[in-house]
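Chemist: Sending over a structure as structure tokens; questions will come in a sec.
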Number of protein chains: 2
Amino acid sequence: MGLKEMKIHDNPFFEADKRKDTMNEDKPAFEEEIIPLRNEIDDIDSRILSLLAKRQAQVEKVVRLKKKYHVPVYHPAREEDLISKLRASAEKAGLEPDFLEDLYRVILRQSRVEQTDKMAHKGVRPGARILIIGGAGQMGGLFVSLFQKSGYQVRILTESGWDKAGALCEDIDLALVSVPIDKTGAVIDKIAPFLSPETLLADLTSIKEKPLKKMLDSHPGPVLGLHPIFGPTSTSLDKQIMVVTPGRAPDQCRWLIDQFTLWGAVMVQAGAKEHDEVMEIVQALRHFATFCFGRFLYEKHVRLEKTLEFSSPIYRLELGMVGRLFAQDSDLYSEIIFATKERRLLLKEYLASLAGHLEMLENNDKALFVSRFNEIAQWFGPFSEQALRESTYLINRLIERF
Amino acid sequence: MGLKEMKIHDNPFFEADKRKDTMNEDKPAFEEEIIPLRNEIDDIDSRILSLLAKRQAQVEKVVRLKKKYHVPVYHPAREEDLISKLRASAEKAGLEPDFLEDLYRVILRQSRVEQTDKMAHKGVRPGARILIIGGAGQMGGLFVSLFQKSGYQVRILTESGWDKAGALCEDIDLALVSVPIDKTGAVIDKIAPFLSPETLLADLTSIKEKPLKKMLDSHPGPVLGLHPIFGPTSTSLDKQIMVVTPGRAPDQCRWLIDQFTLWGAVMVQAGAKEHDEVMEIVQALRHFATFCFGRFLYEKHVRLEKTLEFSSPIYRLELGMVGRLFAQDSDLYSEIIFATKERRLLLKEYLASLAGHLEMLENNDKALFVSRFNEIAQWFGPFSEQALRESTYLINRLIERF
């Protein structure tokens with residue numbers, strides 16, 4: 001959605017553009033004077049580049065040390081300390097502290113990703129045998145590749161491979177279920193009888209109450225519910241969130257949690273019921289609202305390119321969020337939205353809430369709108385101000401990039 | 001909305017955390033070995049910092065040269081050329097080209113903002129007399145300050161100052177109307193009789209058809225419709241979009257457009273009717289949809305902090321977009337949403353479109369959802385993929401920052 005600037009000077013309205021020609025008549029002199037300055041800048045840039053390469057080499061040494069002593073990659077205190085120091089030095093050097101912070105956030109992220117990449121090869125329990133049920137799917141495939149890189153023995157069970165289930169389950173340390181929501185229950189029932197009581201049974205389903213209960217009921221050994229809050233297109237687990245809903249025998253589940261942490265993930269613990277309630281809003285409602293908005297744009301045949309031409313970065317960002325949904329798998333979203341009766345009820349309430357604004361529009365009742373708006377604003381409280389600040393930061397990144 | 005990590009180790013489920021202690025027993029040795037490496041990194045960072053300060057000094061010289069030769073600040077070709085070269089050098093130095101590009105987008109933006117800041121002091125027509133009607137408002141105030149900094153003589157007409165209108169309009173070169181939408185028409189009618197036929201009459205209203213017609217009908221001189229697509233909290237016009245709807249006597253309007261361009265704005269030209277149609281979607285529909293979503297969260301008393309704890313960066317971004325709306329002025333949004341009959345009709349159609357999904361939810365009809373989803377996806381076409389890429393980029397910036 002590259003921004004198109006209208007060619008104002010091609011338009012007859014702006015034909016009489018005399019000033020511009022006058023302004024440019026000294027162009028050769030300007031070019032002559034600017035060349036040495038640009039060369040100087042290019043020289044500075046190449047020195048910055050070589051320092052960045054040196055910095056990377058030092059970071060690699062740090063990684064080797066961290067590996068040796070089993071120290072985690074991400075060291076928030078060291079990063080914040082570094083940023084504070086740099087902000088102070090920036091001010092002394094006549095540079096904007098915010099600018100230097102932005103810059104170092106980019107550098108530190110890159111450094112973290114590279115460290116995580118290198119650390120990832122280290123397994124918490126290398127050689128352990130892992131069966132991924134649904135390992136041919138997108139999400140399953142991501143974990144197949146992560147575990148393999150870290151030296152695990154990975155086996156895959158696909159929909160058509162159930163006749164080999166017995167052999168595949170032999171001596172495994174972990175059975176990880178990564179199948180669509182509506183199949184999870186049946187798959188757990190089917191795999192459980194093949195597992196030894198030592199095997200850890202875990203799932204990656206985006207609802208947790210039912211699958212966790214099912215795993216606890218059908219398997220007497222260690223059980224762990226997981227919900228990775230990221231898509232299969234993620235290239236790194238760096239700072240990605242994974243919800244953990246404990247099941248049974250925490251000691252025997254520990255290594256798996258440690259492994260995700262080593263890959264850079266942030267593990268957040270929750271009860272299964274609490275998790276599901278939150279996800280009704282975070283996933284079902286939000287995706288449904290986006291779906292409805294996209295549907296209306298389609299029904300009205302809105303000319304998207306035209307709206308992008310005249311619009312603010314924040315509109316581009318919001319339309320991007322809508323477009324993003326429709327680049328993804330319709331089955332995945334239908335599963336998320338229709339997962340439970342409670343979700344469908346919530347979405348019906350959402351539609352009813354919207355219908356409640358019809359009269360306000362029909363009566364052209366601006367006063368009612370303002371009073372509703374202010375109620376909501378008060379309820380959002382300080383979050384609104386924070387949201388304004390954070391999204392403004394992102395909008396500036398967007399302007400800078402596109 | 002800082003991300004809270006649950007303290008997994010404080011929970012009894014994870015009590016038996018023996019591995020971690022074993023892992024840390026060599027801590028003093030690790031600390032001893034890492035200190036020289038960290039010192040080396042700190043040294044590299046301070047050299048990078050001093051090069052950045054040198055770079056800034058060079059850029060200041062470039063600015064002085066550009067001022068001298070009236071050359072605009074933003075030079076897209078030079079920037080893209082620089083980025084390409086840096087990407088190539090990065091690869092040779094063993095650095096990720098994407099990383100270096102991200103870094104230099106930050107550096108170049110900063111450099112542009114500073115150049116624009118410095119250039120801004122230069123007026124295209126310094127000394128010209130400008131009357132801003134509504135100059136005490138937020139948006140009016142932004143332009144008062146911009147024009148003043150660039151050496152214009154700025155006068156302000158407020159709601160209570162109409163008895164001085166005659167004196168304020170004497171010898172002015174530009175009368176700029178910056179008042180709420182529903183007052184624009186009356187204000188134009190009221191100010192026009194005070195203007196000489198040489199005075200440029202322009203407005204900043206977010207609808208254009210009616211105000212432009214009103215200006216052309218009531219003033220025989222130069223007329224220009226403007227719509228700044230940014231809020232009054234913007235600190236710079238750098239790369240901000242302003243729509244221009246031509247009215248009358250383009251030659252005499254030219255200097256004003258040049259001034260905005262010099263401040264860094266991107267001027268996009270459009271017909272007034274076309275502009276208004278696009279804004280029905282870009283502003284009215286989008287803000288109304290966000291309002292409805294916020295209202296439902298309020299009605300359900302959703303615990304926002306809880307949803308943020310477990311959620312993906314993209315959810316935080318989307319909730320931030322909702323929260324952002326409610327940090328702003330309810331009157332402004334009621335004006336935008338209720339501006340015209342056409343808008344209210346469109347919004348009623350939106351509510352009707354949503355009601356059309358009720359049956360699908362009641363029947364638990366996943367197949368219908370998938371078929372509707374796929375229709376929309378096809379209509380969005382390649383835009384979806386692009387949106388996915390761009391928003392993924394932004395999400396990474398968000399992860400890196402918060």
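Labeling convention for the structure tokens: chains A, B, ... as they appear, residues from 1 per chain, ligands from 1 in order of appearance.
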Could you name the residues that touch Val144 (chain B) at 8 Å or less, counting only C-alpha atoms, but leaving out those on the same chain fewer than 6 positions away, as number ranges by chain?

Modeler: B: 132, 135, 154

Chemist: What would the file look like if the residues just selected were written as an mmCIF file, in the first residue's frame with C-alpha atoms?

Modeler:
data_model
loop_
_atom_site.group_PDB
_atom_site.id
_atom_site.type_symbol
_atom_site.label_atom_id
_atom_site.label_comp_id
_atom_site.auth_asym_id
_atom_site.auth_seq_id
_atom_site.Cartn_x
_atom_site.Cartn_y
_atom_site.Cartn_z
ATOM 1 C CA ILE B 132 -6.551 32.385 11.491
ATOM 2 C CA GLY B 135 -6.779 30.181 15.968
ATOM 3 C CA VAL B 154 -0.288 36.026 12.457
#

Chemist: Within 8 Å of Ser330 (chain B), counting only C-alpha atoms, which residues show up once you throw out same-chain ones fewer than 4 positions away? Write them as a ChimeraX atom specification, please.

Modeler: /A:370,373-374 /B:326,334

Chemist: With N, CA and C atoms retained, write the just-selected residues as a PDB file, in the first residue's frame.

Modeler:
ATOM      1  N   VAL A 370     -22.152  11.789  22.145  1.00  0.00           N
ATOM      2  CA  VAL A 370     -21.149  12.387  23.024  1.00  0.00           C
ATOM      3  C   VAL A 370     -21.257  11.816  24.430  1.00  0.00           C
ATOM      4  N   PHE A 373     -19.916   8.264  24.342  1.00  0.00           N
ATOM      5  CA  PHE A 373     -18.469   8.350  24.136  1.00  0.00           C
ATOM      6  C   PHE A 373     -17.768   8.665  25.466  1.00  0.00           C
ATOM      7  N   ASN A 374     -18.298   9.638  26.185  1.00  0.00           N
ATOM      8  CA  ASN A 374     -17.644  10.057  27.424  1.00  0.00           C
ATOM      9  C   ASN A 374     -17.704   8.980  28.512  1.00  0.00           C
TER      10      ASN A 374
ATOM     11  N   PHE B 326     -10.683   7.080  22.424  1.00  0.00           N
ATOM     12  CA  PHE B 326     -11.370   7.620  23.594  1.00  0.00           C
ATOM     13  C   PHE B 326     -10.485   8.559  24.416  1.00  0.00           C
ATOM     14  N   SER B 334     -18.009  13.325  17.154  1.00  0.00           N
ATOM     15  CA  SER B 334     -19.437  13.410  16.835  1.00  0.00           C
ATOM     16  C   SER B 334     -19.612  14.236  15.559  1.00  0.00           C
TER      17      SER B 334
END

Chemist: Between CA of Trp379 (chain A) and CA of Leu325 (chain B), measure the distance and give it in Å to one decimal.

Modeler: 12.9 Å

Chemist: Looking only at the backbone, which of the residues in region 202-335 of chain A does DSSP tag as strand (DSSP E or B), as an MDAnalysis selection string?

Modeler: chainID A and resid 202:203 223:228 241:248 266:269

Chemist: I need the residues from that last selection saved to file as a PDB file, in the first residue's frame (with N, CA and C atoms), if you can.

Modeler:
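Generated file (part.pdb):
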ATOM      1  N   ALA A 202       0.987 -33.082  26.081  1.00  0.00           N
ATOM      2  CA  ALA A 202       0.717 -31.641  26.030  1.00  0.00           C
ATOM      3  C   ALA A 202      -0.019 -31.305  24.743  1.00  0.00           C
ATOM      4  N   ASP A 203      -0.722 -30.178  24.747  1.00  0.00           N
ATOM      5  CA  ASP A 203      -1.417 -29.752  23.520  1.00  0.00           C
ATOM      6  C   ASP A 203      -1.178 -28.271  23.257  1.00  0.00           C
ATOM      7  N   VAL A 223       0.870 -33.945  32.489  1.00  0.00           N
ATOM      8  CA  VAL A 223       0.004 -33.271  31.510  1.00  0.00           C
ATOM      9  C   VAL A 223       0.245 -31.758  31.579  1.00  0.00           C
ATOM     10  N   LEU A 224       0.294 -31.142  30.406  1.00  0.00           N
ATOM     11  CA  LEU A 224       0.522 -29.689  30.341  1.00  0.00           C
ATOM     12  C   LEU A 224      -0.286 -29.107  29.174  1.00  0.00           C
ATOM     13  N   GLY A 225      -1.066 -28.055  29.457  1.00  0.00           N
ATOM     14  CA  GLY A 225      -1.772 -27.358  28.384  1.00  0.00           C
ATOM     15  C   GLY A 225      -0.968 -26.140  27.950  1.00  0.00           C
ATOM     16  N   LEU A 226      -0.851 -25.934  26.636  1.00  0.00           N
ATOM     17  CA  LEU A 226      -0.081 -24.796  26.108  1.00  0.00           C
ATOM     18  C   LEU A 226      -0.905 -24.055  25.068  1.00  0.00           C
ATOM     19  N   HIS A 227      -0.751 -22.753  25.010  1.00  0.00           N
ATOM     20  CA  HIS A 227      -1.351 -21.980  23.918  1.00  0.00           C
ATOM     21  C   HIS A 227      -0.350 -20.936  23.442  1.00  0.00           C
ATOM     22  N   PRO A 228       0.300 -21.215  22.308  1.00  0.00           N
ATOM     23  CA  PRO A 228       1.247 -20.231  21.771  1.00  0.00           C
ATOM     24  C   PRO A 228       0.453 -19.056  21.183  1.00  0.00           C
ATOM     25  N   ILE A 241       4.720 -14.776  23.320  1.00  0.00           N
ATOM     26  CA  ILE A 241       4.043 -15.229  24.533  1.00  0.00           C
ATOM     27  C   ILE A 241       3.458 -16.621  24.346  1.00  0.00           C
ATOM     28  N   MET A 242       3.632 -17.483  25.371  1.00  0.00           N
ATOM     29  CA  MET A 242       2.963 -18.774  25.379  1.00  0.00           C
ATOM     30  C   MET A 242       2.272 -18.939  26.734  1.00  0.00           C
ATOM     31  N   VAL A 243       0.964 -19.204  26.690  1.00  0.00           N
ATOM     32  CA  VAL A 243       0.231 -19.427  27.932  1.00  0.00           C
ATOM     33  C   VAL A 243       0.411 -20.886  28.350  1.00  0.00           C
ATOM     34  N   VAL A 244       0.660 -21.092  29.636  1.00  0.00           N
ATOM     35  CA  VAL A 244       0.843 -22.430  30.209  1.00  0.00           C
ATOM     36  C   VAL A 244      -0.306 -22.685  31.178  1.00  0.00           C
ATOM     37  N   THR A 245      -1.101 -23.727  30.938  1.00  0.00           N
ATOM     38  CA  THR A 245      -2.109 -24.119  31.919  1.00  0.00           C
ATOM     39  C   THR A 245      -1.664 -25.452  32.511  1.00  0.00           C
ATOM     40  N   PRO A 246      -1.220 -25.433  33.782  1.00  0.00           N
ATOM     41  CA  PRO A 246      -0.672 -26.633  34.422  1.00  0.00           C
ATOM     42  C   PRO A 246      -1.715 -27.746  34.492  1.00  0.00           C
ATOM     43  N   GLY A 247      -1.237 -28.976  34.315  1.00  0.00           N
ATOM     44  CA  GLY A 247      -2.128 -30.130  34.398  1.00  0.00           C
ATOM     45  C   GLY A 247      -1.756 -31.023  35.574  1.00  0.00           C
ATOM     46  N   ARG A 248      -0.714 -31.857  35.359  1.00  0.00           N
ATOM     47  CA  ARG A 248      -0.316 -32.784  36.410  1.00  0.00           C
ATOM     48  C   ARG A 248       1.206 -32.977  36.373  1.00  0.00           C
ATOM     49  N   VAL A 266       8.187 -15.991  26.253  1.00  0.00           N
ATOM     50  CA  VAL A 266       7.770 -15.541  27.580  1.00  0.00           C
ATOM     51  C   VAL A 266       6.607 -16.447  28.013  1.00  0.00           C
ATOM     52  N   MET A 267       6.814 -17.223  29.064  1.00  0.00           N
ATOM     53  CA  MET A 267       5.802 -18.187  29.500  1.00  0.00           C
ATOM     54  C   MET A 267       4.886 -17.523  30.531  1.00  0.00           C
ATOM     55  N   VAL A 268       3.595 -17.471  30.245  1.00  0.00           N
ATOM     56  CA  VAL A 268       2.620 -16.843  31.138  1.00  0.00           C
ATOM     57  C   VAL A 268       1.676 -17.928  31.652  1.00  0.00           C
ATOM     58  N   GLN A 269       1.564 -18.039  32.980  1.00  0.00           N
ATOM     59  CA  GLN A 269       0.740 -19.110  33.531  1.00  0.00           C
ATOM     60  C   GLN A 269      -0.685 -18.649  33.806  1.00  0.00           C
TER      61      GLN A 269
END

Chemist: Can you pull out every residue from region 75-239 of chain B that DSSP, working from the backbone, puts in alpha helix (DSSP H), and format the result as a VMD selection string?

Modeler: chain B and resid 76 to 93 97 to 120 138 to 149 165 to 169 181 to 191 209 to 218

Chemist: Could you write out that same residue set with C-alpha atoms as a CSV table (one decimal), in the first residue's frame?

Modeler:
chain,number,residue,atom,x,y,z
B,76,PRO,CA,13.6,10.2,-1.6
B,77,ALA,CA,16.0,9.1,-4.3
B,78,ARG,CA,19.1,9.9,-2.2
B,79,GLU,CA,17.6,8.0,0.8
B,80,GLU,CA,16.7,4.9,-1.3
B,81,ASP,CA,20.1,4.9,-2.9
B,82,LEU,CA,21.8,5.1,0.5
B,83,ILE,CA,19.7,2.3,1.9
B,84,SER,CA,20.5,0.1,-1.1
B,85,LYS,CA,24.3,0.7,-0.7
B,86,LEU,CA,24.1,0.0,3.0
B,87,ARG,CA,22.2,-3.2,2.4
B,88,ALA,CA,25.0,-4.4,0.1
B,89,SER,CA,27.8,-3.4,2.5
B,90,ALA,CA,25.9,-5.1,5.3
B,91,GLU,CA,25.9,-8.4,3.5
B,92,LYS,CA,29.7,-8.1,2.9
B,93,ALA,CA,30.3,-7.3,6.6
B,97,PRO,CA,20.6,-6.3,5.5
B,98,ASP,CA,17.0,-6.0,7.0
B,99,PHE,CA,18.6,-5.0,10.3
B,100,LEU,CA,20.7,-2.3,8.8
B,101,GLU,CA,17.8,-1.0,6.8
B,102,ASP,CA,15.6,-0.8,10.0
B,103,LEU,CA,18.4,1.1,11.7
B,104,TYR,CA,19.0,3.6,8.9
B,105,ARG,CA,15.2,4.2,8.6
B,106,VAL,CA,15.4,5.5,12.2
B,107,ILE,CA,18.6,7.5,11.5
B,108,LEU,CA,17.2,9.1,8.3
B,109,ARG,CA,13.9,10.0,9.9
B,110,GLN,CA,15.7,11.8,12.7
B,111,SER,CA,17.8,13.5,10.2
B,112,ARG,CA,14.8,14.6,8.2
B,113,VAL,CA,12.9,15.8,11.2
B,114,GLU,CA,15.9,17.9,12.2
B,115,GLN,CA,16.4,19.3,8.8
B,116,THR,CA,12.7,20.1,8.5
B,117,ASP,CA,12.8,21.8,11.9
B,118,LYS,CA,15.6,24.0,10.8
B,119,MET,CA,14.1,24.7,7.3
B,120,ALA,CA,10.7,25.5,8.9
B,138,GLN,CA,-6.2,23.0,18.9
B,139,MET,CA,-5.7,22.7,15.1
B,140,GLY,CA,-5.8,26.5,14.6
B,141,GLY,CA,-3.1,26.8,17.3
B,142,LEU,CA,-0.8,24.4,15.5
B,143,PHE,CA,-0.9,26.5,12.4
B,144,VAL,CA,-0.6,29.8,14.4
B,145,SER,CA,2.7,28.4,15.8
B,146,LEU,CA,4.0,27.1,12.4
B,147,PHE,CA,3.3,30.4,10.6
B,148,GLN,CA,4.8,32.5,13.4
B,149,LYS,CA,8.0,30.4,13.5
B,165,ALA,CA,-13.2,41.4,12.5
B,166,GLY,CA,-12.9,44.5,10.3
B,167,ALA,CA,-9.6,45.6,11.8
B,168,LEU,CA,-8.2,42.1,11.8
B,169,CYS,CA,-9.0,41.6,8.1
B,181,ILE,CA,-17.5,21.4,10.8
B,182,ASP,CA,-21.0,22.5,11.8
B,183,LYS,CA,-19.8,26.2,12.1
B,184,THR,CA,-17.7,26.4,8.9
B,185,GLY,CA,-20.5,27.5,6.6
B,186,ALA,CA,-21.7,30.3,8.9
B,187,VAL,CA,-18.1,31.5,9.6
B,188,ILE,CA,-17.3,31.7,5.9
B,189,ASP,CA,-20.5,33.8,5.3
B,190,LYS,CA,-19.6,36.1,8.1
B,191,ILE,CA,-15.9,36.7,7.2
B,209,GLU,CA,-17.7,19.9,-0.9
B,210,LYS,CA,-19.9,22.3,1.1
B,211,PRO,CA,-17.2,24.5,2.5
B,212,LEU,CA,-15.5,24.9,-0.9
B,213,LYS,CA,-18.8,25.8,-2.6
B,214,LYS,CA,-19.5,28.3,0.2
B,215,MET,CA,-16.1,29.9,-0.2
B,216,LEU,CA,-16.4,30.2,-4.0
B,217,ASP,CA,-20.0,31.7,-3.7
B,218,SER,CA,-19.2,34.2,-1.0

Chemist: Tell me which protein, DNA and RNA residues are within 8 Å of Glu280 (chain A), counting only C-alpha atoms, leaving out same-chain ones fewer than 4 positions away, and put them as a list of chain:residue names.

Modeler: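 Selected residues are A:Asp276, A:Ala284, A:Leu285, A:Arg343, A:Leu346.
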
Chemist: B:Gly123, B:Leu176, B:Phe296, B:Arg47: which is nearest Thr261 (chain B), counting only C-alpha atoms?

Modeler: B:Gly123

Chemist: Go through A:Leu157, A:Leu195, A:Val179, A:Met279 one by one, measure the shortest atom-to-atom distance of each to chain B using only C-alpha atoms, and give the residue with the smallest value.

Modeler: A:Met279

Chemist: Do a neighbour search on Cys292 (chain A) at 12 Å with only C-alpha atoms, toss out local chain neighbours closer than 2 positions, and write the hits as a ChimeraX atom specification.

Modeler: /A:285-290,294-299,322,325-326,347,350-351,354 /B:289,293,350-358,369,372-373,376

Chemist: Please produce an output containing C-alpha atoms for each residue in the selection, written as a PDB file, in the first residue's frame.

Modeler:
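Okay, this is what ended up in out-v7.pdb:
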ATOM      1  CA  LEU A 285     -14.749 -11.061  19.464  1.00  0.00           C
ATOM      2  CA  ARG A 286     -11.868  -9.220  17.897  1.00  0.00           C
ATOM      3  CA  HIS A 287     -11.563 -11.447  14.835  1.00  0.00           C
ATOM      4  CA  PHE A 288     -15.336 -11.447  14.378  1.00  0.00           C
ATOM      5  CA  ALA A 289     -15.476  -7.638  14.517  1.00  0.00           C
ATOM      6  CA  THR A 290     -12.688  -7.459  11.920  1.00  0.00           C
ATOM      7  CA  GLY A 294     -14.075  -6.461   6.001  1.00  0.00           C
ATOM      8  CA  ARG A 295     -17.414  -7.881   4.884  1.00  0.00           C
ATOM      9  CA  PHE A 296     -18.976  -4.412   4.777  1.00  0.00           C
ATOM     10  CA  LEU A 297     -16.082  -2.998   2.724  1.00  0.00           C
ATOM     11  CA  TYR A 298     -16.639  -5.891   0.310  1.00  0.00           C
ATOM     12  CA  GLU A 299     -20.423  -5.391   0.169  1.00  0.00           C
ATOM     13  CA  VAL A 322      -8.285  -5.956   8.426  1.00  0.00           C
ATOM     14  CA  LEU A 325      -7.009 -11.366   8.595  1.00  0.00           C
ATOM     15  CA  PHE A 326      -8.071 -12.284   5.082  1.00  0.00           C
ATOM     16  CA  LEU A 347     -20.884 -12.482  19.488  1.00  0.00           C
ATOM     17  CA  TYR A 350     -22.060  -7.847  20.225  1.00  0.00           C
ATOM     18  CA  LEU A 351     -24.453  -7.666  17.266  1.00  0.00           C
ATOM     19  CA  LEU A 354     -24.422  -2.464  17.698  1.00  0.00           C
TER      20      LEU A 354
ATOM     21  CA  ALA B 289     -16.844   0.921  14.084  1.00  0.00           C
ATOM     22  CA  PHE B 293     -16.321  -1.953  19.664  1.00  0.00           C
ATOM     23  CA  TYR B 350     -23.084  -0.922   8.291  1.00  0.00           C
ATOM     24  CA  LEU B 351     -25.349  -1.852  11.223  1.00  0.00           C
ATOM     25  CA  ALA B 352     -27.683  -3.685   8.834  1.00  0.00           C
ATOM     26  CA  SER B 353     -24.737  -5.585   7.347  1.00  0.00           C
ATOM     27  CA  LEU B 354     -23.689  -6.776  10.808  1.00  0.00           C
ATOM     28  CA  ALA B 355     -27.226  -7.833  11.685  1.00  0.00           C
ATOM     29  CA  GLY B 356     -26.987 -10.046   8.591  1.00  0.00           C
ATOM     30  CA  HIS B 357     -24.518 -12.300  10.444  1.00  0.00           C
ATOM     31  CA  LEU B 358     -26.917 -13.099  13.308  1.00  0.00           C
ATOM     32  CA  PHE B 369     -18.607 -18.203   7.572  1.00  0.00           C
ATOM     33  CA  ARG B 372     -18.153 -15.419   3.225  1.00  0.00           C
ATOM     34  CA  PHE B 373     -14.561 -15.184   4.449  1.00  0.00           C
ATOM     35  CA  ILE B 376     -13.859 -11.221   1.053  1.00  0.00           C
TER      36      ILE B 376
END

Chemist: Restricting the calculation to only C-alpha atoms: of B:Arg155, B:Arg125, B:Arg55, B:Lys300, which residue gets closest to chain A?

Modeler: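 Going through B:Arg155, B:Arg125, B:Arg55, B:Lys300 one by one, the smallest distance to chain A is for B:Arg55.
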
Chemist: Excluding Ser196 (chain B) and any residue of its chain fewer than 5 positions from it, enumerate the residues within 12 Å of it, using only C-alpha atoms, and give them as number ranges by chain.

Modeler: B: 166, 169-175, 191, 201, 218-222

Chemist: Could you save those same residues with N, CA and C atoms as a PDB file, in the first residue's frame?

Modeler:
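Okay, out_36.pdb is ready:
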ATOM      1  N   GLY B 166     -13.291  43.572  11.333  1.00  0.00           N
ATOM      2  CA  GLY B 166     -12.903  44.539  10.303  1.00  0.00           C
ATOM      3  C   GLY B 166     -11.426  44.892  10.398  1.00  0.00           C
ATOM      4  N   CYS B 169      -9.039  41.991   9.553  1.00  0.00           N
ATOM      5  CA  CYS B 169      -8.961  41.589   8.140  1.00  0.00           C
ATOM      6  C   CYS B 169      -8.210  42.605   7.279  1.00  0.00           C
ATOM      7  N   GLU B 170      -7.854  43.730   7.852  1.00  0.00           N
ATOM      8  CA  GLU B 170      -7.208  44.767   7.056  1.00  0.00           C
ATOM      9  C   GLU B 170      -5.860  44.288   6.497  1.00  0.00           C
ATOM     10  N   ASP B 171      -5.685  44.393   5.186  1.00  0.00           N
ATOM     11  CA  ASP B 171      -4.418  44.072   4.513  1.00  0.00           C
ATOM     12  C   ASP B 171      -3.968  42.616   4.646  1.00  0.00           C
ATOM     13  N   ILE B 172      -4.861  41.701   5.000  1.00  0.00           N
ATOM     14  CA  ILE B 172      -4.375  40.325   5.148  1.00  0.00           C
ATOM     15  C   ILE B 172      -4.214  39.647   3.797  1.00  0.00           C
ATOM     16  N   ASP B 173      -3.237  38.744   3.711  1.00  0.00           N
ATOM     17  CA  ASP B 173      -2.957  37.982   2.493  1.00  0.00           C
ATOM     18  C   ASP B 173      -3.697  36.652   2.494  1.00  0.00           C
ATOM     19  N   LEU B 174      -3.964  36.150   3.705  1.00  0.00           N
ATOM     20  CA  LEU B 174      -4.635  34.850   3.813  1.00  0.00           C
ATOM     21  C   LEU B 174      -5.608  34.871   4.994  1.00  0.00           C
ATOM     22  N   ALA B 175      -6.851  34.387   4.732  1.00  0.00           N
ATOM     23  CA  ALA B 175      -7.794  34.131   5.831  1.00  0.00           C
ATOM     24  C   ALA B 175      -7.998  32.623   5.873  1.00  0.00           C
ATOM     25  N   ILE B 191     -17.206  36.042   7.409  1.00  0.00           N
ATOM     26  CA  ILE B 191     -15.884  36.651   7.213  1.00  0.00           C
ATOM     27  C   ILE B 191     -15.743  37.246   5.807  1.00  0.00           C
ATOM     28  N   LEU B 201      -8.665  32.945   0.491  1.00  0.00           N
ATOM     29  CA  LEU B 201      -9.542  32.365   1.507  1.00  0.00           C
ATOM     30  C   LEU B 201      -9.386  30.839   1.462  1.00  0.00           C
ATOM     31  N   SER B 218     -19.102  33.025  -1.814  1.00  0.00           N
ATOM     32  CA  SER B 218     -19.157  34.244  -0.998  1.00  0.00           C
ATOM     33  C   SER B 218     -17.920  35.140  -1.153  1.00  0.00           C
ATOM     34  N   HIS B 219     -16.874  34.614  -1.831  1.00  0.00           N
ATOM     35  CA  HIS B 219     -15.634  35.393  -1.980  1.00  0.00           C
ATOM     36  C   HIS B 219     -15.173  35.348  -3.434  1.00  0.00           C
ATOM     37  N   PRO B 220     -14.947  36.514  -4.048  1.00  0.00           N
ATOM     38  CA  PRO B 220     -14.594  36.518  -5.485  1.00  0.00           C
ATOM     39  C   PRO B 220     -13.110  36.264  -5.740  1.00  0.00           C
ATOM     40  N   GLY B 221     -12.273  36.247  -4.688  1.00  0.00           N
ATOM     41  CA  GLY B 221     -10.827  36.109  -4.874  1.00  0.00           C
ATOM     42  C   GLY B 221     -10.350  34.667  -4.857  1.00  0.00           C
ATOM     43  N   PRO B 222      -9.030  34.477  -4.660  1.00  0.00           N
ATOM     44  CA  PRO B 222      -8.427  33.135  -4.629  1.00  0.00           C
ATOM     45  C   PRO B 222      -9.025  32.281  -3.505  1.00  0.00           C
TER      46      PRO B 222
END
